[in-house]
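A.B. asks: Please find model15.cif (mmCIF, N, CA and C atoms) on the next line:
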```
data_input
loop_
_atom_site.label_atom_id
_atom_site.label_comp_id
_atom_site.auth_asym_id
_atom_site.auth_seq_id
_atom_site.Cartn_x
_atom_site.Cartn_y
_atom_site.Cartn_z
N MET C 1 -212.93 46.78 142.81
CA MET C 1 -212.43 45.83 141.83
C MET C 1 -211.99 46.58 140.58
N LYS C 2 -210.85 46.16 140.06
CA LYS C 2 -210.31 46.78 138.85
C LYS C 2 -210.95 46.14 137.63
N PRO C 3 -211.00 46.89 136.53
CA PRO C 3 -211.53 46.30 135.29
C PRO C 3 -210.51 45.35 134.66
N ASP C 4 -210.99 44.52 133.76
CA ASP C 4 -210.11 43.68 132.96
C ASP C 4 -209.77 44.43 131.68
N ILE C 5 -208.77 43.96 130.97
CA ILE C 5 -208.41 44.52 129.67
C ILE C 5 -209.47 44.08 128.67
N GLN C 6 -210.10 45.05 128.01
CA GLN C 6 -211.21 44.72 127.12
C GLN C 6 -211.00 45.11 125.67
N ASN C 7 -210.10 46.08 125.41
CA ASN C 7 -210.01 46.60 124.05
C ASN C 7 -208.68 47.34 123.85
N ARG C 8 -208.52 47.92 122.67
CA ARG C 8 -207.28 48.63 122.34
C ARG C 8 -207.03 49.80 123.28
N LYS C 9 -208.07 50.51 123.66
CA LYS C 9 -207.90 51.65 124.56
C LYS C 9 -207.25 51.19 125.87
N ASP C 10 -207.68 50.06 126.38
CA ASP C 10 -207.08 49.52 127.60
C ASP C 10 -205.61 49.15 127.38
N ILE C 11 -205.32 48.61 126.21
CA ILE C 11 -203.93 48.28 125.86
C ILE C 11 -203.10 49.56 125.82
N GLU C 12 -203.64 50.61 125.23
CA GLU C 12 -202.92 51.88 125.15
C GLU C 12 -202.62 52.43 126.54
N VAL C 13 -203.58 52.36 127.44
CA VAL C 13 -203.38 52.81 128.82
C VAL C 13 -202.26 52.00 129.47
N LEU C 14 -202.30 50.69 129.29
CA LEU C 14 -201.27 49.81 129.86
C LEU C 14 -199.89 50.11 129.29
N VAL C 15 -199.79 50.17 127.97
CA VAL C 15 -198.50 50.41 127.31
C VAL C 15 -197.94 51.77 127.71
N ASN C 16 -198.77 52.79 127.72
CA ASN C 16 -198.29 54.12 128.11
C ASN C 16 -197.79 54.13 129.55
N ALA C 17 -198.53 53.53 130.46
CA ALA C 17 -198.12 53.49 131.86
C ALA C 17 -196.83 52.69 132.02
N PHE C 18 -196.73 51.58 131.32
CA PHE C 18 -195.53 50.75 131.40
C PHE C 18 -194.30 51.50 130.92
N TYR C 19 -194.39 52.11 129.76
CA TYR C 19 -193.21 52.80 129.23
C TYR C 19 -192.87 54.08 129.97
N GLU C 20 -193.83 54.67 130.66
CA GLU C 20 -193.49 55.80 131.53
C GLU C 20 -192.56 55.31 132.64
N LYS C 21 -192.81 54.12 133.15
CA LYS C 21 -191.91 53.52 134.15
C LYS C 21 -190.56 53.21 133.53
N VAL C 22 -190.57 52.60 132.35
CA VAL C 22 -189.33 52.18 131.70
C VAL C 22 -188.42 53.37 131.42
N LYS C 23 -188.99 54.45 130.95
CA LYS C 23 -188.18 55.63 130.58
C LYS C 23 -187.30 56.12 131.72
N THR C 24 -187.75 55.99 132.94
CA THR C 24 -187.01 56.51 134.08
C THR C 24 -186.42 55.41 134.95
N ASP C 25 -186.49 54.18 134.48
CA ASP C 25 -186.04 53.05 135.29
C ASP C 25 -184.52 52.97 135.35
N ALA C 26 -183.99 52.78 136.54
CA ALA C 26 -182.54 52.75 136.75
C ALA C 26 -181.88 51.50 136.18
N VAL C 27 -182.64 50.43 136.01
CA VAL C 27 -182.05 49.17 135.54
C VAL C 27 -182.08 49.05 134.01
N ILE C 28 -183.22 49.34 133.39
CA ILE C 28 -183.33 49.13 131.93
C ILE C 28 -183.61 50.40 131.13
N GLY C 29 -183.86 51.50 131.79
CA GLY C 29 -184.18 52.73 131.08
C GLY C 29 -183.12 53.13 130.07
N TYR C 30 -181.86 52.96 130.43
CA TYR C 30 -180.77 53.36 129.53
C TYR C 30 -180.80 52.58 128.21
N LEU C 31 -181.27 51.34 128.24
CA LEU C 31 -181.34 50.56 127.00
C LEU C 31 -182.29 51.21 126.00
N PHE C 32 -183.38 51.76 126.49
CA PHE C 32 -184.36 52.40 125.63
C PHE C 32 -183.94 53.82 125.26
N ASN C 33 -183.47 54.56 126.25
CA ASN C 33 -183.17 55.98 126.05
C ASN C 33 -181.82 56.23 125.39
N ASP C 34 -180.79 55.60 125.89
CA ASP C 34 -179.43 55.89 125.44
C ASP C 34 -178.94 54.96 124.33
N VAL C 35 -179.22 53.68 124.47
CA VAL C 35 -178.70 52.71 123.50
C VAL C 35 -179.59 52.67 122.27
N ALA C 36 -180.86 52.34 122.45
CA ALA C 36 -181.78 52.24 121.30
C ALA C 36 -182.23 53.61 120.82
N GLN C 37 -182.16 54.60 121.70
CA GLN C 37 -182.65 55.95 121.40
C GLN C 37 -184.05 55.89 120.77
N VAL C 38 -184.94 55.26 121.52
CA VAL C 38 -186.31 55.03 121.06
C VAL C 38 -187.02 56.34 120.72
N ASN C 39 -187.63 56.36 119.56
CA ASN C 39 -188.53 57.44 119.18
C ASN C 39 -189.91 57.02 119.69
N TRP C 40 -190.31 57.57 120.82
CA TRP C 40 -191.54 57.13 121.48
C TRP C 40 -192.78 57.37 120.64
N ALA C 41 -192.76 58.40 119.82
CA ALA C 41 -193.93 58.70 118.97
C ALA C 41 -194.20 57.59 117.97
N THR C 42 -193.17 56.89 117.54
CA THR C 42 -193.37 55.77 116.61
C THR C 42 -193.39 54.43 117.34
N HIS C 43 -192.65 54.33 118.45
CA HIS C 43 -192.57 53.05 119.17
C HIS C 43 -193.89 52.70 119.86
N LEU C 44 -194.50 53.65 120.53
CA LEU C 44 -195.71 53.36 121.28
C LEU C 44 -196.84 52.81 120.40
N PRO C 45 -197.15 53.42 119.25
CA PRO C 45 -198.19 52.83 118.41
C PRO C 45 -197.86 51.40 117.95
N LYS C 46 -196.57 51.11 117.72
CA LYS C 46 -196.19 49.74 117.37
C LYS C 46 -196.47 48.79 118.53
N MET C 47 -196.21 49.26 119.74
CA MET C 47 -196.47 48.43 120.92
C MET C 47 -197.97 48.24 121.15
N TYR C 48 -198.77 49.26 120.84
CA TYR C 48 -200.23 49.09 120.92
C TYR C 48 -200.65 47.97 119.97
N ASP C 49 -200.15 48.04 118.73
CA ASP C 49 -200.49 47.02 117.74
C ASP C 49 -200.01 45.63 118.18
N PHE C 50 -198.77 45.58 118.69
CA PHE C 50 -198.19 44.30 119.10
C PHE C 50 -199.05 43.64 120.18
N TRP C 51 -199.33 44.37 121.26
CA TRP C 51 -200.07 43.77 122.37
C TRP C 51 -201.54 43.55 122.04
N GLU C 52 -202.10 44.39 121.21
CA GLU C 52 -203.49 44.16 120.78
C GLU C 52 -203.57 42.87 119.97
N ASN C 53 -202.58 42.65 119.12
CA ASN C 53 -202.55 41.43 118.34
C ASN C 53 -202.32 40.21 119.25
N ILE C 54 -201.44 40.33 120.23
CA ILE C 54 -201.16 39.24 121.15
C ILE C 54 -202.41 38.85 121.93
N LEU C 55 -203.15 39.83 122.38
CA LEU C 55 -204.29 39.56 123.25
C LEU C 55 -205.60 39.32 122.51
N PHE C 56 -205.78 40.00 121.37
CA PHE C 56 -207.06 39.92 120.66
C PHE C 56 -206.94 39.40 119.23
N PHE C 57 -205.75 38.98 118.83
CA PHE C 57 -205.51 38.35 117.52
C PHE C 57 -206.02 39.21 116.36
N THR C 58 -205.66 40.49 116.39
CA THR C 58 -206.15 41.43 115.38
C THR C 58 -205.40 41.34 114.05
N GLY C 59 -204.17 40.82 114.09
CA GLY C 59 -203.37 40.74 112.87
C GLY C 59 -202.83 42.09 112.43
N ASN C 60 -202.89 43.10 113.30
CA ASN C 60 -202.49 44.44 112.89
C ASN C 60 -201.04 44.78 113.23
N TYR C 61 -200.27 43.80 113.70
CA TYR C 61 -198.86 44.06 114.00
C TYR C 61 -197.99 43.50 112.88
N ASP C 62 -197.09 44.34 112.39
CA ASP C 62 -196.15 43.92 111.36
C ASP C 62 -194.78 44.39 111.79
N GLY C 63 -194.01 43.49 112.34
CA GLY C 63 -192.68 43.86 112.80
C GLY C 63 -191.87 42.63 113.13
N ASN C 64 -190.61 42.87 113.46
CA ASN C 64 -189.71 41.78 113.81
C ASN C 64 -189.00 42.13 115.12
N PRO C 65 -189.68 41.90 116.24
CA PRO C 65 -189.08 42.28 117.52
C PRO C 65 -187.79 41.51 117.83
N MET C 66 -187.67 40.30 117.32
CA MET C 66 -186.46 39.53 117.58
C MET C 66 -185.24 40.22 116.97
N ALA C 67 -185.35 40.69 115.75
CA ALA C 67 -184.24 41.38 115.10
C ALA C 67 -183.87 42.64 115.87
N LYS C 68 -184.85 43.37 116.35
CA LYS C 68 -184.60 44.60 117.11
C LYS C 68 -183.86 44.29 118.42
N HIS C 69 -184.25 43.21 119.08
CA HIS C 69 -183.58 42.86 120.34
C HIS C 69 -182.16 42.35 120.11
N LYS C 70 -181.96 41.61 119.04
CA LYS C 70 -180.60 41.15 118.71
C LYS C 70 -179.70 42.36 118.40
N GLU C 71 -180.22 43.30 117.65
CA GLU C 71 -179.49 44.53 117.31
C GLU C 71 -179.14 45.31 118.58
N LEU C 72 -180.09 45.41 119.48
CA LEU C 72 -179.86 46.11 120.74
C LEU C 72 -178.79 45.40 121.57
N HIS C 73 -178.85 44.08 121.60
CA HIS C 73 -177.88 43.28 122.35
C HIS C 73 -176.46 43.46 121.80
N GLN C 74 -176.35 43.65 120.49
CA GLN C 74 -175.04 43.89 119.89
C GLN C 74 -174.48 45.26 120.29
N LYS C 75 -175.36 46.21 120.50
CA LYS C 75 -174.93 47.56 120.90
C LYS C 75 -174.58 47.62 122.39
N SER C 76 -175.33 46.91 123.20
CA SER C 76 -175.13 46.92 124.65
C SER C 76 -175.60 45.58 125.19
N THR C 77 -174.68 44.81 125.71
CA THR C 77 -174.98 43.46 126.16
C THR C 77 -176.11 43.44 127.18
N MET C 78 -177.10 42.62 126.87
CA MET C 78 -178.19 42.40 127.82
C MET C 78 -177.95 41.06 128.50
N ASN C 79 -178.58 40.89 129.68
CA ASN C 79 -178.45 39.64 130.40
C ASN C 79 -179.80 39.26 130.98
N PRO C 80 -179.91 38.06 131.54
CA PRO C 80 -181.20 37.62 132.06
C PRO C 80 -181.83 38.57 133.08
N SER C 81 -181.01 39.28 133.84
CA SER C 81 -181.59 40.20 134.82
C SER C 81 -182.33 41.36 134.15
N HIS C 82 -181.89 41.76 132.97
CA HIS C 82 -182.62 42.80 132.23
C HIS C 82 -184.03 42.32 131.86
N PHE C 83 -184.10 41.10 131.38
CA PHE C 83 -185.40 40.54 130.98
C PHE C 83 -186.29 40.33 132.21
N ALA C 84 -185.71 39.85 133.30
CA ALA C 84 -186.47 39.64 134.53
C ALA C 84 -187.03 40.97 135.05
N HIS C 85 -186.22 42.02 134.97
CA HIS C 85 -186.67 43.33 135.44
C HIS C 85 -187.78 43.87 134.54
N TRP C 86 -187.64 43.68 133.23
CA TRP C 86 -188.70 44.08 132.30
C TRP C 86 -190.01 43.39 132.69
N ASN C 87 -189.93 42.09 132.95
CA ASN C 87 -191.12 41.34 133.35
C ASN C 87 -191.72 41.87 134.64
N LYS C 88 -190.87 42.19 135.59
CA LYS C 88 -191.34 42.71 136.88
C LYS C 88 -192.11 44.01 136.67
N LEU C 89 -191.54 44.93 135.89
CA LEU C 89 -192.22 46.21 135.62
C LEU C 89 -193.53 46.01 134.88
N PHE C 90 -193.52 45.10 133.91
CA PHE C 90 -194.73 44.86 133.12
C PHE C 90 -195.83 44.28 134.01
N THR C 91 -195.48 43.28 134.80
CA THR C 91 -196.46 42.65 135.69
C THR C 91 -197.01 43.64 136.70
N GLU C 92 -196.14 44.44 137.29
CA GLU C 92 -196.58 45.46 138.25
C GLU C 92 -197.55 46.45 137.60
N THR C 93 -197.25 46.83 136.37
CA THR C 93 -198.12 47.79 135.67
C THR C 93 -199.48 47.18 135.40
N VAL C 94 -199.50 45.95 134.90
CA VAL C 94 -200.78 45.28 134.67
C VAL C 94 -201.56 45.18 135.98
N ASP C 95 -200.90 44.71 137.04
CA ASP C 95 -201.58 44.53 138.32
C ASP C 95 -202.10 45.83 138.91
N HIS C 96 -201.42 46.92 138.65
CA HIS C 96 -201.86 48.22 139.15
C HIS C 96 -203.15 48.69 138.45
N LEU C 97 -203.27 48.33 137.17
CA LEU C 97 -204.38 48.85 136.36
C LEU C 97 -205.55 47.89 136.18
N TYR C 98 -205.27 46.61 136.09
CA TYR C 98 -206.29 45.64 135.66
C TYR C 98 -206.26 44.37 136.48
N GLU C 99 -207.38 43.66 136.42
CA GLU C 99 -207.43 42.29 136.93
C GLU C 99 -208.50 41.54 136.15
N GLY C 100 -208.29 40.25 136.01
CA GLY C 100 -209.23 39.42 135.27
C GLY C 100 -208.50 38.51 134.31
N ALA C 101 -209.28 37.81 133.50
CA ALA C 101 -208.73 36.79 132.60
C ALA C 101 -207.75 37.37 131.58
N LYS C 102 -208.09 38.48 130.98
CA LYS C 102 -207.19 39.08 129.97
C LYS C 102 -205.95 39.66 130.63
N ALA C 103 -206.09 40.22 131.82
CA ALA C 103 -204.92 40.73 132.54
C ALA C 103 -203.96 39.59 132.85
N GLU C 104 -204.48 38.46 133.28
CA GLU C 104 -203.63 37.30 133.54
C GLU C 104 -203.01 36.78 132.26
N GLU C 105 -203.80 36.78 131.20
CA GLU C 105 -203.30 36.30 129.92
C GLU C 105 -202.15 37.16 129.41
N ILE C 106 -202.29 38.48 129.49
CA ILE C 106 -201.23 39.34 128.95
C ILE C 106 -199.95 39.19 129.78
N LYS C 107 -200.08 38.99 131.08
CA LYS C 107 -198.89 38.77 131.91
C LYS C 107 -198.22 37.45 131.54
N ASN C 108 -199.00 36.42 131.35
CA ASN C 108 -198.43 35.12 130.96
C ASN C 108 -197.81 35.17 129.58
N ARG C 109 -198.48 35.83 128.66
CA ARG C 109 -197.93 35.95 127.30
C ARG C 109 -196.64 36.76 127.32
N ALA C 110 -196.60 37.83 128.10
CA ALA C 110 -195.40 38.66 128.21
C ALA C 110 -194.24 37.83 128.77
N LEU C 111 -194.50 37.03 129.77
CA LEU C 111 -193.47 36.19 130.37
C LEU C 111 -192.92 35.19 129.34
N ASN C 112 -193.81 34.57 128.59
CA ASN C 112 -193.39 33.60 127.57
C ASN C 112 -192.63 34.26 126.42
N ILE C 113 -193.10 35.40 125.97
CA ILE C 113 -192.43 36.13 124.89
C ILE C 113 -191.05 36.58 125.35
N SER C 114 -190.98 37.10 126.56
CA SER C 114 -189.71 37.56 127.09
C SER C 114 -188.72 36.41 127.24
N ALA C 115 -189.19 35.25 127.66
CA ALA C 115 -188.30 34.08 127.79
C ALA C 115 -187.76 33.68 126.43
N ALA C 116 -188.62 33.67 125.42
CA ALA C 116 -188.18 33.32 124.07
C ALA C 116 -187.21 34.37 123.53
N MET C 117 -187.50 35.64 123.77
CA MET C 117 -186.61 36.72 123.33
C MET C 117 -185.25 36.58 123.99
N MET C 118 -185.26 36.33 125.29
CA MET C 118 -184.00 36.20 126.02
C MET C 118 -183.19 35.03 125.46
N TYR C 119 -183.82 33.90 125.29
CA TYR C 119 -183.14 32.70 124.80
C TYR C 119 -182.51 32.97 123.42
N LYS C 120 -183.31 33.53 122.53
CA LYS C 120 -182.83 33.75 121.15
C LYS C 120 -181.85 34.92 121.05
N THR C 121 -182.04 35.93 121.88
CA THR C 121 -181.15 37.10 121.82
C THR C 121 -179.80 36.79 122.43
N LEU C 122 -179.78 36.08 123.53
CA LEU C 122 -178.55 35.86 124.27
C LEU C 122 -177.78 34.62 123.81
N SER C 123 -178.37 33.82 122.94
CA SER C 123 -177.66 32.61 122.50
C SER C 123 -177.01 32.79 121.15
#
```
Write out the structure in this file as structure tokens.
C.D. replies:
Amino acid sequence: MKPDIQNRKDIEVLVNAFYEKVKTDAVIGYLFNDVAQVNWATHLPKMYDFWENILFFTGNYDGNPMAKHKELHQKSTMNPSHFAHWNKLFTETVDHLYEGAKAEEIKNRALNISAAMMYKTLS
């Protein structure tokens, strides 16, 4: 049996594993590497804060992901298949590492956040 997500360390493991997949992904990797030219040293800690806040309500995230996604969409058009693929990778990563109530919650929250991002970014 796999452990459930319990703390920030678990979030860091998840985020690191997820973005290792994203960096080399044939479908969405270019958005991060070539278009956004993500600085991983600064992006990953922001993602730790973001997901820790989403799952544990820490209040330690200060950012505007919607603005970043709109900016990215202006540079390189995104479509629903990009968001669906992001969700697939995220869910696979969670399922590979964790199981339990928090693992299910983070997958559901990711799906809802992604749907809202897609709606607001693409409209």
A.B. asks: Tell me which of C:Glu20, C:Phe83, C:Met47, C:Phe56 sits closest to Met118 (chain C), counting only N, CA and C atoms.
C.D. replies: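 Once distances to Met118 (chain C) are computed over only N, CA and C atoms, the minimum belongs to C:Phe83.
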A.B. asks: Within 6 Å of (-193.3, 40.4, 131.4) (file coordinates; all atoms listed in the file), which protein or nucleic acid residues are there? I'd like them as a count of residues only.
C.D. replies: 8
A.B. asks: Can you list, as a VMD selection string, every protein, DNA or RNA residue that comes within 7 Å of Lys23 (chain C) when you count all atoms listed in the file, leaving out same-chain residues fewer than 6 positions away?
C.D. replies: chain C and resid 29 to 30 33
A.B. asks: Taking only chain C into account, list the residues labelled helix (DSSP H, G or I) by DSSP (computed from the backbone), as a VMD selection string.
C.D. replies: chain C and resid 8 to 23 29 to 35 40 to 56 65 to 75 80 to 97 101 to 122
A.B. asks: Record the distance separating atom C of Gln37 (chain C) and atom C of Asn7 (chain C), expressed in Å with one decimal.
C.D. replies: 26.3 Å
A.B. asks: Just the residues within 8 Å of Met117 (chain C), please, counting all atoms listed in the file, with nothing from its chain fewer than 4 positions along; format it as a ChimeraX atom specification.
C.D. replies: /C:65-66,69-70,111-113,121-123
A.B. asks: Between CA of His43 (chain C) and atom C of Asn64 (chain C), what is the distance, to one decimal in Å?
C.D. replies: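 So the two atoms, CA of His43 (chain C) and atom C of Asn64 (chain C), lie 12.2 Å apart.
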A.B. asks: Provide the CA of Thr77 (chain C) to CA of Lys46 (chain C) distance in Å, to one decimal place.
C.D. replies: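 Atom-to-atom, CA of Thr77 (chain C) and CA of Lys46 (chain C) are spaced 23.8 Å apart.
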A.B. asks: Under the PyMOL selection byres ((chain C and resi 98) around 6), which residues of this model are included? Write them out as a list in words.
C.D. replies: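 Listing what the PyMOL selection byres ((chain C and resi 98) around 6) selects in the shown file: Lys2, Pro3, Asp4, Ile5, Thr93, Val94, Asp95, His96, Leu97, Glu99, Gly100 and Ala103 of chain C.
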A.B. asks: Out of C:Met1, C:Val27, C:Val22, C:Leu14, which residue has the shortest atom-to-atom distance to Ser81 (chain C) when counting all atoms listed in the file?
C.D. replies: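 Once distances to Ser81 (chain C) are computed over all atoms listed in the file, the minimum belongs to C:Val27.
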A.B. asks: Neighbouring residues of region 49-54 of chain C were defined as those with any atom within 9 Å, considering only C-alpha atoms; residues of the same chain fewer than 5 positions away were excluded. Please report them as an NGL selection string.
C.D. replies: :C and (7-8 or 11-12 or 15 or 44 or 59-63 or 106 or 109)
A.B. asks: From the options C:Val35, C:Ala101, C:Ala17, C:Ala116, which residue's atoms come nearest to Leu72 (chain C), counting only N, CA and C atoms?
C.D. replies: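 Closest candidate: C:Val35.
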A.B. asks: Specify the axis-aligned box that encloses all atoms of region 48-65 of chain C listed in the file after padding of 6 Å on each side, stating its centre and edge lengths in Å to one decimal as AutoDock Vina command-line options.
C.D. replies:
```
--center_x -197.4 --center_y 43.8 --center_z 117.3 --size_x 31.3 --size_y 22.9 --size_z 23.9
```
A.B. asks: Output region 29-51 of chain C with N, CA, C and O atoms present, as an mmCIF file, in the coordinates of the input.
C.D. replies:
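Everything below was put into result_8.cif:
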```cif
data_model
loop_
_atom_site.group_PDB
_atom_site.id
_atom_site.type_symbol
_atom_site.label_atom_id
_atom_site.label_comp_id
_atom_site.auth_asym_id
_atom_site.auth_seq_id
_atom_site.Cartn_x
_atom_site.Cartn_y
_atom_site.Cartn_z
ATOM 1 N N GLY C 29 -183.860 51.500 131.790
ATOM 2 C CA GLY C 29 -184.180 52.730 131.080
ATOM 3 C C GLY C 29 -183.120 53.130 130.070
ATOM 4 O O GLY C 29 -183.436 53.590 128.966
ATOM 5 N N TYR C 30 -181.860 52.960 130.430
ATOM 6 C CA TYR C 30 -180.770 53.360 129.530
ATOM 7 C C TYR C 30 -180.800 52.580 128.210
ATOM 8 O O TYR C 30 -180.401 53.110 127.163
ATOM 9 N N LEU C 31 -181.270 51.340 128.240
ATOM 10 C CA LEU C 31 -181.340 50.560 127.000
ATOM 11 C C LEU C 31 -182.290 51.210 126.000
ATOM 12 O O LEU C 31 -182.027 51.220 124.793
ATOM 13 N N PHE C 32 -183.380 51.760 126.490
ATOM 14 C CA PHE C 32 -184.360 52.400 125.630
ATOM 15 C C PHE C 32 -183.940 53.820 125.260
ATOM 16 O O PHE C 32 -184.050 54.228 124.115
ATOM 17 N N ASN C 33 -183.470 54.560 126.250
ATOM 18 C CA ASN C 33 -183.170 55.980 126.050
ATOM 19 C C ASN C 33 -181.820 56.230 125.390
ATOM 20 O O ASN C 33 -181.734 57.002 124.434
ATOM 21 N N ASP C 34 -180.790 55.600 125.890
ATOM 22 C CA ASP C 34 -179.430 55.890 125.440
ATOM 23 C C ASP C 34 -178.940 54.960 124.330
ATOM 24 O O ASP C 34 -178.313 55.414 123.385
ATOM 25 N N VAL C 35 -179.220 53.680 124.470
ATOM 26 C CA VAL C 35 -178.700 52.710 123.500
ATOM 27 C C VAL C 35 -179.590 52.670 122.270
ATOM 28 O O VAL C 35 -179.142 52.927 121.151
ATOM 29 N N ALA C 36 -180.860 52.340 122.450
ATOM 30 C CA ALA C 36 -181.780 52.240 121.300
ATOM 31 C C ALA C 36 -182.230 53.610 120.820
ATOM 32 O O ALA C 36 -182.644 53.765 119.677
ATOM 33 N N GLN C 37 -182.160 54.600 121.700
ATOM 34 C CA GLN C 37 -182.650 55.950 121.400
ATOM 35 C C GLN C 37 -184.050 55.890 120.770
ATOM 36 O O GLN C 37 -184.299 56.359 119.667
ATOM 37 N N VAL C 38 -184.940 55.260 121.520
ATOM 38 C CA VAL C 38 -186.310 55.030 121.060
ATOM 39 C C VAL C 38 -187.020 56.340 120.720
ATOM 40 O O VAL C 38 -186.981 57.288 121.500
ATOM 41 N N ASN C 39 -187.630 56.360 119.560
ATOM 42 C CA ASN C 39 -188.530 57.440 119.180
ATOM 43 C C ASN C 39 -189.910 57.020 119.690
ATOM 44 O O ASN C 39 -190.578 56.179 119.090
ATOM 45 N N TRP C 40 -190.310 57.570 120.820
ATOM 46 C CA TRP C 40 -191.540 57.130 121.480
ATOM 47 C C TRP C 40 -192.780 57.370 120.640
ATOM 48 O O TRP C 40 -193.741 56.609 120.717
ATOM 49 N N ALA C 41 -192.760 58.400 119.820
ATOM 50 C CA ALA C 41 -193.930 58.700 118.970
ATOM 51 C C ALA C 41 -194.200 57.590 117.970
ATOM 52 O O ALA C 41 -195.345 57.353 117.595
ATOM 53 N N THR C 42 -193.170 56.890 117.540
ATOM 54 C CA THR C 42 -193.370 55.770 116.610
ATOM 55 C C THR C 42 -193.390 54.430 117.340
ATOM 56 O O THR C 42 -194.079 53.511 116.912
ATOM 57 N N HIS C 43 -192.650 54.330 118.450
ATOM 58 C CA HIS C 43 -192.570 53.050 119.170
ATOM 59 C C HIS C 43 -193.890 52.700 119.860
ATOM 60 O O HIS C 43 -194.330 51.545 119.785
ATOM 61 N N LEU C 44 -194.500 53.650 120.530
ATOM 62 C CA LEU C 44 -195.710 53.360 121.280
ATOM 63 C C LEU C 44 -196.840 52.810 120.400
ATOM 64 O O LEU C 44 -197.437 51.777 120.755
ATOM 65 N N PRO C 45 -197.150 53.420 119.250
ATOM 66 C CA PRO C 45 -198.190 52.830 118.410
ATOM 67 C C PRO C 45 -197.860 51.400 117.950
ATOM 68 O O PRO C 45 -198.771 50.563 117.819
ATOM 69 N N LYS C 46 -196.570 51.110 117.720
ATOM 70 C CA LYS C 46 -196.190 49.740 117.370
ATOM 71 C C LYS C 46 -196.470 48.790 118.530
ATOM 72 O O LYS C 46 -196.897 47.657 118.325
ATOM 73 N N MET C 47 -196.210 49.260 119.740
ATOM 74 C CA MET C 47 -196.470 48.430 120.920
ATOM 75 C C MET C 47 -197.970 48.240 121.150
ATOM 76 O O MET C 47 -198.396 47.174 121.567
ATOM 77 N N TYR C 48 -198.770 49.260 120.840
ATOM 78 C CA TYR C 48 -200.230 49.090 120.920
ATOM 79 C C TYR C 48 -200.650 47.970 119.970
ATOM 80 O O TYR C 48 -201.422 47.087 120.346
ATOM 81 N N ASP C 49 -200.150 48.040 118.730
ATOM 82 C CA ASP C 49 -200.490 47.020 117.740
ATOM 83 C C ASP C 49 -200.010 45.630 118.180
ATOM 84 O O ASP C 49 -200.743 44.638 118.053
ATOM 85 N N PHE C 50 -198.770 45.580 118.690
ATOM 86 C CA PHE C 50 -198.190 44.300 119.100
ATOM 87 C C PHE C 50 -199.050 43.640 120.180
ATOM 88 O O PHE C 50 -199.467 42.487 120.049
ATOM 89 N N TRP C 51 -199.330 44.370 121.260
ATOM 90 C CA TRP C 51 -200.070 43.770 122.370
ATOM 91 C C TRP C 51 -201.540 43.550 122.040
ATOM 92 O O TRP C 51 -202.137 42.575 122.505
#
```
